[in-house]
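Colleague: This is the structure, below, for whatever I ask next.
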Amino acid sequence: MQMPAPNASVLSRKDLIVARLAAVLPADALLSDLAETRAYECDALTAYRCPPLAVVLPGTTAEVAAVLKICHELRVPVVPRGSGTSLAGGALPTADCVIIGVARMTQVIETNYDDRYIRVQTGRTNLSVTGAVEADGFFYAPDPSSQLACAIAGNIAMNSGGAHCLKYGVTTNNLLGVTMVTMDGTVIEIGGPHLDAGNLDLLGVICGSEGQLGVVTEATLRILPKPEGARPVLMGYDSSEVAGQVVTDIIKAGILPVAIEFMDRPCIEACEAFAKAGYPICEALLIVEVEGSPAEIDAQLALITAIARSHNPVELREAKDAEEAGRIWLGRKSAFGAMGQINDYMCLDGTIPVSALPYVLRRIGEMSQEYGLAVGNVFHAGDGNMHPLILFDANKPGDLELCEAFGADILKLCVEVGGCLTGEHGVGIEKRDLMHVQFAAADLEAQMAVKDVFDPLWLLNPAKVFPLDSSAPRRAA
Amino acid sequence: MTPKSEEELARIVAEADRPLRIVGGGTRPVGRSTGAALSLAGMSGVTLYEPGALTLVAKAGTPLAEITTLLAAENQRLAFEPMDHRKLLGTTGEPTIGGMVASNVSGPRRIAVGACRDFMLGVRFVDGSGNIVKNGSRVMKNVTGYDLVKLLCGSYGTLGVLTEVSLKVLPDVETQVTLVLQGLDDARAVAAMAAAMSSPFEVTGAAHDPALSRTMLRLEGFADSVAYRAQALTDLLEPFGAAQAIDDPAIWATIRDVTAFADQPGDVWRLSVKPSDAPELVAKAQARGVIYDWAGGLVWLLSEGDLRARLGDFTGHATLIRGNAAVPVFQPEPAPIAAIAAGLRAKFDPRGLFNPGMMG
């Protein structure tokens with residue numbers, strides 16, 4: 001993975017830059033010694049590391065604005081950072097950048113149940129947003145699997161999804177407004193407790209812009225009343241084609257489950273060995289969860305199990321109580337850990353039309369043979385968001401490169417069948433150079449034009465999202 | 001001008017030497033624009049419909065009626081319930097899918113499932129330099145690059161001419177029921193709607209008509225579930241009076257299309273506000289007619305003159321949907337936001353060809 005050479009002029013001015021930042025920040029909010037900045041050298045894409053020039057940990061929007069103003073004036077690149085859980089390298093530093101971390105900005109600013117929103121500082125973790133309202137019967141719907149650790153800032157940057165987005169949507173569908181600081185230090189308010197934009201939908205393009213348009217410091221989020229209850233059903237099939245047909249039939253029957261999760265044989269075997277959840281060892285396993293009152297859940301599960309039975313499952317297990325529900329989810333929720341027990345792995349995130357599922361799984365199996373690397377598939381079947389986990393050995397020379405090549409081929413396949421490179425993790429550096437596969441030059445030009453407007457000097461997270469050769473003239477200007 | 005293909009449209013735009021007024025079905029003349037008419041009527045037809053994947057792709061000029069008929073045959077629908085502006089605006093013709101997307105048109109169900117923009121999966125458009133651009137795709141989850149889909153949705157043609165759109169569709173429901181509360185004043189009605197929306201009973205419509213003194217709450221789904229939730233919600237709303245259950249889906253078309261103002265003279269304003277602010281803003285508005293939708297988050301006003309001056313500063317925005325008041329149609333924005341919007345228009349349409357003056 002190539003990163004641009006650091007700007008020598010910026011590196012040579014480190015002392016000046018740090019001194020200027022120190023003047024606008026509390027002493028403990030600025031880190032510039034290598035021993036301290038090293039903690040920020042990577043995010044969850046740990047294969048790539050680089051300590052930044054300096055790290056700032058502001059506590060207020062005003063401090064963020066002051067930092068950005070200085071960096072703008074001194075032409076210093078800035079990489080925003082939430083909790084550093086990006087799997088795509090979205091928060092990977094460069095040697096010449098200042099990291100702005102929002103980890104200290106965790107306050108709840110306002111909770112309003114009548115109008116069903118919460119306003120938070122964006123360093124707050126996803127799960128603790130729900131934590132702030134659940135005693136009163138509400139929750140924040142997007143639930144990325146890193147929700148214990150990931151920050152709302154990163155959720156907004158990457159437009160994070162989760163297991164339950166089939167019903168509730170992803171971050172962009174649950175984000176009402178932001179306070180954002182643009183690269184020149186201007187604080188802007190976009191959206192708010194009202195539901196739609198009065199002019200251009202700037203919020204829509206800010207969400208998912210991977211920290212390239214501004215630093216979002218506060219967010220107004222839609223909260224929803226908690227459903228009365230939820231219950232999963234587990235079903236196993238001896239072919240992924242049949243499991244795919246079951247998913248289609250459920251959706252066509254007019255039922256909208258909150259989650260439909262799919263695991264293939266390698267993944268089932270790994271989970272079973274690791275978590276011992278009592279899964280049937282078969283080709284394809286589905287977990288379908290529905291919500292509502294106990295009677296409503298019974299009614300929906302009756303429809304779903306009737307469809308499931310009509311396709312001859314090797315196993316069909318309905319949760320009778322919370323304990324059984326927990327066991328059904330146990331294996332799925334430990335899938336990544338289970339695969340990690342076997343070896344190092346790379347997690348992909350392409351999305352495909354659900355109708356292409358059997359073909360794509362077959363092709364991934366064939367490619368796995370060709371590359372000689374094992375792969376397990378676990379994914380959100382209702383929306384086609386795949387998560388192939390490719391196993392490799394980081395200590396074996398050449399294995400990471402082989403794994404990356406295999407991953408790139410899988411993502412190209414996703415695009416070829418009408419899907420996309422990333423469904424919820426973001427492009428970052430990981431998929432940056434594959435953007436040409438999905439987008440023509442004019443498509444990328446239109447996206448980069450948006451960045452030109454928000455950040456004309458291309459100082460914010462500049463080496464991400466767009467292929468380096470596409471963004472080079474702008475970054476050099 | 002009525003291009004038949006994306007390529008022909010791109011050529012027309014590239015060679016244009018004067019402003020263009022982009023026309024879908026011509027049923028929603030919101031905003032003011034000049035220019036030579038550029039019709040999308042020649043680019044029509046559904047290009048992909050996969051009911052099992054809940055996905056629809058259609059060319060921008062496709063009549064909405066054609067799409068709703070196609071979806072209904074598979075027991076599916078556009079869940080955001082797009083408003084039909086014809087009665088309110090006194091227009092004829094057929095609304096198109098492109099026009100609906102360009103103006104982000106939604107309806108009462110927006111509070112439960114999201115707006116048109118939330119169902120958008122992808123767009124193709126021609127920018128002001130004549131480039132054909134695509135963004136998004138046809139899949140449900142996609143964070144590959146910037147989300148220009150949402151930027152284009154609701155841009156009233158000012159950033160590009162939409163040529164094709166991809167949308168998520170949803171299953172239609174087995175049945176629906178409306179619970180009606182009578183005799184609530186505006187503040188109590190908004191409080192009742194907030195209570196309903198804060199319940200787990202999945203209300204998909206919450207409207208209040210002060211003229212009829214009627215507050216309406218819609219439940220939809222499988223019959224047993226709707227019956228259960230109707231009872232539970234009736235119990236919950238008991239402090240606001242005895243709710244009557246009625247089976248009349250047409251009520252929601254009336255709310256959606258604001259038909260109460262259709263034959264009445266006067267300007268029609270659309271306010272998007274924080275729901276609990278709505279009654280106070282309505283009191284300031286001195287309007288002749290009021291309809292609350294979205295549990296108070298959307299307020300339709302029949303009014304005269306400069307409504308914004310009477311409202312003063314408020315959270316949200318007011319759009320002049322019908323009328324000739326000598327004020328901007330769209331809510332003026334603070335300087336830094338207006339500068340960003342102007343910057344985006346200058347990038348996407350550097351010669352100012354598309355619907356000039358439409359949004360400011």
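Following the order of the structure tokens, first chain is A, next is B, and so on, with residues numbered from 1 inside each chain and ligands from 1 in the order they appear.
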Compile the residues of chain B that lie within 7 Å of chain A, evaluated using only C-alpha atoms, and express the compilation as a PyMOL selection string.
Modeller: chain B and resi 51-53+118+131+133-135+137-148+150-151+154-155+171-172+194+198-200+225+272-276+297+316-317+330-331+336+340-341+343-344+347+359
Colleague: Grab the residues selected above and save them as a PDB file, in the first residue's frame with C-alpha atoms.
Modeller:
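Resulting contents of again09.pdb:
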```pdb
ATOM      1  CA  PRO B  51     -38.925  -7.980  -6.042  1.00  0.00           C
ATOM      2  CA  GLY B  52     -36.884 -10.504  -4.016  1.00  0.00           C
ATOM      3  CA  ALA B  53     -34.080  -7.956  -3.683  1.00  0.00           C
ATOM      4  CA  ASP B 118     -33.434   7.401   2.409  1.00  0.00           C
ATOM      5  CA  ASN B 131     -20.347  14.604 -18.398  1.00  0.00           C
ATOM      6  CA  VAL B 133     -21.815  10.641 -13.999  1.00  0.00           C
ATOM      7  CA  LYS B 134     -22.946   7.707 -11.880  1.00  0.00           C
ATOM      8  CA  ASN B 135     -23.007   7.396  -8.104  1.00  0.00           C
ATOM      9  CA  SER B 137     -25.467   1.510  -7.347  1.00  0.00           C
ATOM     10  CA  ARG B 138     -28.402  -0.885  -7.002  1.00  0.00           C
ATOM     11  CA  VAL B 139     -27.470  -2.490  -3.694  1.00  0.00           C
ATOM     12  CA  MET B 140     -28.829  -1.707  -0.230  1.00  0.00           C
ATOM     13  CA  LYS B 141     -25.580  -0.928   1.516  1.00  0.00           C
ATOM     14  CA  ASN B 142     -22.945   1.111  -0.187  1.00  0.00           C
ATOM     15  CA  VAL B 143     -20.382   3.480   1.275  1.00  0.00           C
ATOM     16  CA  THR B 144     -18.045   3.416  -1.718  1.00  0.00           C
ATOM     17  CA  GLY B 145     -17.001   7.035  -2.223  1.00  0.00           C
ATOM     18  CA  TYR B 146     -19.054  10.120  -1.481  1.00  0.00           C
ATOM     19  CA  ASP B 147     -22.837   9.888  -1.362  1.00  0.00           C
ATOM     20  CA  LEU B 148     -23.764  12.130  -4.274  1.00  0.00           C
ATOM     21  CA  LYS B 150     -28.380  12.221  -1.479  1.00  0.00           C
ATOM     22  CA  LEU B 151     -26.841  15.447  -2.745  1.00  0.00           C
ATOM     23  CA  GLY B 154     -33.737  17.240  -3.556  1.00  0.00           C
ATOM     24  CA  SER B 155     -31.398  19.436  -5.613  1.00  0.00           C
ATOM     25  CA  PRO B 171     -43.508  -4.936   0.784  1.00  0.00           C
ATOM     26  CA  ASP B 172     -47.024  -3.533   0.889  1.00  0.00           C
ATOM     27  CA  ALA B 194     -45.382  12.488  20.439  1.00  0.00           C
ATOM     28  CA  SER B 198     -42.555   7.265  21.469  1.00  0.00           C
ATOM     29  CA  SER B 199     -44.434   3.985  21.850  1.00  0.00           C
ATOM     30  CA  PRO B 200     -43.175   0.684  20.404  1.00  0.00           C
ATOM     31  CA  SER B 225     -50.518  -7.360  14.728  1.00  0.00           C
ATOM     32  CA  SER B 272     -40.074  21.569   8.446  1.00  0.00           C
ATOM     33  CA  VAL B 273     -39.600  22.088  12.175  1.00  0.00           C
ATOM     34  CA  LYS B 274     -38.888  20.466  15.495  1.00  0.00           C
ATOM     35  CA  PRO B 275     -42.289  18.879  16.226  1.00  0.00           C
ATOM     36  CA  SER B 276     -42.760  20.362  19.694  1.00  0.00           C
ATOM     37  CA  GLY B 297     -42.509  18.049  12.182  1.00  0.00           C
ATOM     38  CA  GLY B 316     -35.973  24.364  10.591  1.00  0.00           C
ATOM     39  CA  HIS B 317     -37.073  25.955   7.336  1.00  0.00           C
ATOM     40  CA  PHE B 330     -36.407  28.317  -0.338  1.00  0.00           C
ATOM     41  CA  GLN B 331     -35.311  29.354   3.140  1.00  0.00           C
ATOM     42  CA  PRO B 336     -21.058  29.795   5.197  1.00  0.00           C
ATOM     43  CA  ILE B 340     -20.832  25.853   0.149  1.00  0.00           C
ATOM     44  CA  ALA B 341     -24.055  25.399  -1.828  1.00  0.00           C
ATOM     45  CA  GLY B 343     -19.547  26.389  -4.572  1.00  0.00           C
ATOM     46  CA  LEU B 344     -21.132  23.014  -5.339  1.00  0.00           C
ATOM     47  CA  LYS B 347     -18.508  22.910  -9.713  1.00  0.00           C
ATOM     48  CA  MET B 359     -32.856  27.420  -5.164  1.00  0.00           C
TER      49      MET B 359
END
```
Colleague: Enumerate as a ChimeraX atom specification all residues of region 123-312 of chain B assigned to helix (DSSP H, G or I) by DSSP on the backbone, naming them with the chain letters and numbers the document uses.
Modeller: /B:148-152,186-197,223-236,238-240,250-257,259-261,275-285,294-296,307-311
Colleague: Any idea what the distance is between CA of Gly89 (chain A) and CA of Arg265 (chain A)?
Modeller: 29.2 Å
Colleague: Need the shell around Arg81 (chain A): protein/DNA/RNA residues with any atom at most 6 Å away, counting only C-alpha atoms. Skip same-chain ones fewer than 3 positions apart. Format as number ranges by chain?
Modeller: A: 91, 100-101
Colleague: Based on the selection just made, write C-alpha atoms of those residues as a short mmCIF file (atom, residue, chain, number, x, y, z; two decimals), in the first residue's frame.
Modeller:
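Output (result-v8.cif):
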```
data_model
loop_
_atom_site.label_atom_id
_atom_site.label_comp_id
_atom_site.auth_asym_id
_atom_site.auth_seq_id
_atom_site.Cartn_x
_atom_site.Cartn_y
_atom_site.Cartn_z
CA ALA A 91 -7.60 7.08 10.42
CA ILE A 100 -7.39 15.42 15.68
CA GLY A 101 -8.86 12.85 18.05
#
```
Colleague: Of the candidates B:Pro210, B:Gly160, B:Pro108, B:Gly296, which one gets nearest to Val190 (chain B) if we count only C-alpha atoms?
Modeller: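 Closest candidate: B:Gly296.
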Colleague: Which parts of region 30-112 of chain A does DSSP call strand (DSSP E) when run on the backbone here, written out as a PyMOL selection string?
Modeller: chain A and resi 30-31+54-56+78-81+98-101+108-112
Colleague: What lies within 9 Å of region 262-265 of chain B using only C-alpha atoms, ignoring chain neighbours under 6 positions off, as a list of chain:residue names?
Modeller: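 Neighbouring residues, sequence-local ones excluded: B:Arg86, B:Lys87, B:Leu88, B:Leu89, B:Gly90, B:Leu302, B:Gly323.
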Colleague: I need the residue nearest Ala66 (chain A) from this list: A:Ala27, A:Leu391, A:Val98, A:Val181. Use only C-alpha atoms for the distance.
Modeller: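 Counting only C-alpha atoms, the residue closest to Ala66 (chain A) is A:Val181.
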Colleague: Could you name the residues that touch Arg13 (chain A) at 10 Å or less, counting only C-alpha atoms, but leaving out those on the same chain fewer than 5 positions away, as a list of chain:residue names?
Modeller: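 The residues that qualify are A:Ala8, A:Val18, A:Leu74, A:Val76, A:Asp96.
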Colleague: Let me make sure I understand: among A:Ala149, A:Leu434, A:Leu57, A:Ala219, which one has the smallest atom-to-atom distance to Ser470 (chain A) if we use only C-alpha atoms?
Modeller: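 Closest residue, counting only C-alpha atoms: A:Leu434.
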Colleague: Quick check, in Å to one decimal: how far apart do CA of Ala95 (chain A) and CA of Val10 (chain A) lie?
Modeller: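 Distance between the two atoms: 9.4 Å.
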Colleague: Write out as a list in words each polymer residue whose atoms come within 9 Å of region 105-107 of chain A, counting only C-alpha atoms; drop sequence neighbours fewer than 4 positions from it.
Modeller: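 So the residues in contact are Leu57, Pro58, Gly59, Thr60, Thr61, Gly101, Arg119, Val120, Gln121, Thr122, Gly123, Arg124, Thr125, Ala151, Thr217 and Glu218 of chain A.
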Colleague: Write the residues you've just listed into a file as a short mmCIF file (atom, residue, chain, number, x, y, z; two decimals), in the first residue's frame, and include N, CA and C atoms for each of them.
Modeller:
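And here is the file that came out, result11.cif:
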```cif
data_model
loop_
_atom_site.label_atom_id
_atom_site.label_comp_id
_atom_site.auth_asym_id
_atom_site.auth_seq_id
_atom_site.Cartn_x
_atom_site.Cartn_y
_atom_site.Cartn_z
N LEU A 57 -6.03 16.39 21.22
CA LEU A 57 -7.23 15.79 21.79
C LEU A 57 -8.10 16.89 22.38
N PRO A 58 -8.75 17.67 21.53
CA PRO A 58 -9.52 18.82 22.01
C PRO A 58 -10.76 18.39 22.79
N GLY A 59 -11.25 19.31 23.60
CA GLY A 59 -12.43 19.01 24.40
C GLY A 59 -13.66 19.77 23.94
N THR A 60 -13.48 20.73 23.05
CA THR A 60 -14.62 21.55 22.61
C THR A 60 -14.53 21.81 21.11
N THR A 61 -15.66 22.22 20.54
CA THR A 61 -15.69 22.61 19.14
C THR A 61 -14.77 23.80 18.90
N GLY A 101 -8.08 13.92 17.45
CA GLY A 101 -8.86 12.85 18.05
C GLY A 101 -10.00 13.44 18.86
N ARG A 119 -28.59 14.79 21.26
CA ARG A 119 -27.46 15.53 20.69
C ARG A 119 -26.23 15.22 21.52
N VAL A 120 -25.18 14.76 20.87
CA VAL A 120 -23.98 14.32 21.59
C VAL A 120 -22.73 14.93 20.96
N GLN A 121 -21.67 14.98 21.75
CA GLN A 121 -20.36 15.22 21.18
C GLN A 121 -19.94 13.93 20.49
N THR A 122 -19.17 14.05 19.42
CA THR A 122 -19.01 12.87 18.55
C THR A 122 -17.95 11.88 19.01
N GLY A 123 -17.25 12.18 20.11
CA GLY A 123 -16.33 11.18 20.63
C GLY A 123 -17.05 10.11 21.43
N ARG A 124 -18.32 10.33 21.67
CA ARG A 124 -19.10 9.35 22.42
C ARG A 124 -19.20 8.05 21.63
N THR A 125 -19.14 6.92 22.32
CA THR A 125 -19.21 5.65 21.60
C THR A 125 -20.65 5.35 21.19
N ALA A 151 -16.64 5.36 17.80
CA ALA A 151 -17.20 6.66 18.13
C ALA A 151 -18.21 7.10 17.07
N THR A 217 -18.06 17.60 15.18
CA THR A 217 -17.82 17.64 16.62
C THR A 217 -19.07 17.34 17.45
N GLU A 218 -20.24 17.63 16.88
CA GLU A 218 -21.49 17.32 17.58
C GLU A 218 -22.46 16.75 16.57
#
```
Colleague: Would you list the contacts of Ala36 (chain B) as a list of chain:residue names, taking every protein, DNA or RNA residue within 10 Å and counting only C-alpha atoms, but skipping same-chain residues closer than 4 positions in sequence?
Modeller: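 My reading of the contact set: B:Met1, B:Ala16, B:Arg18, B:Pro19, B:Leu20, B:Arg21, B:Ile22, B:Val23, B:Leu353, B:Phe354, B:Asn355.
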Colleague: Can you work out which one of B:Arg229, B:Arg288, B:Arg256, B:Arg28 has the shortest atom-to-atom distance to Phe80 (chain B), counting only C-alpha atoms?
Modeller: B:Arg256
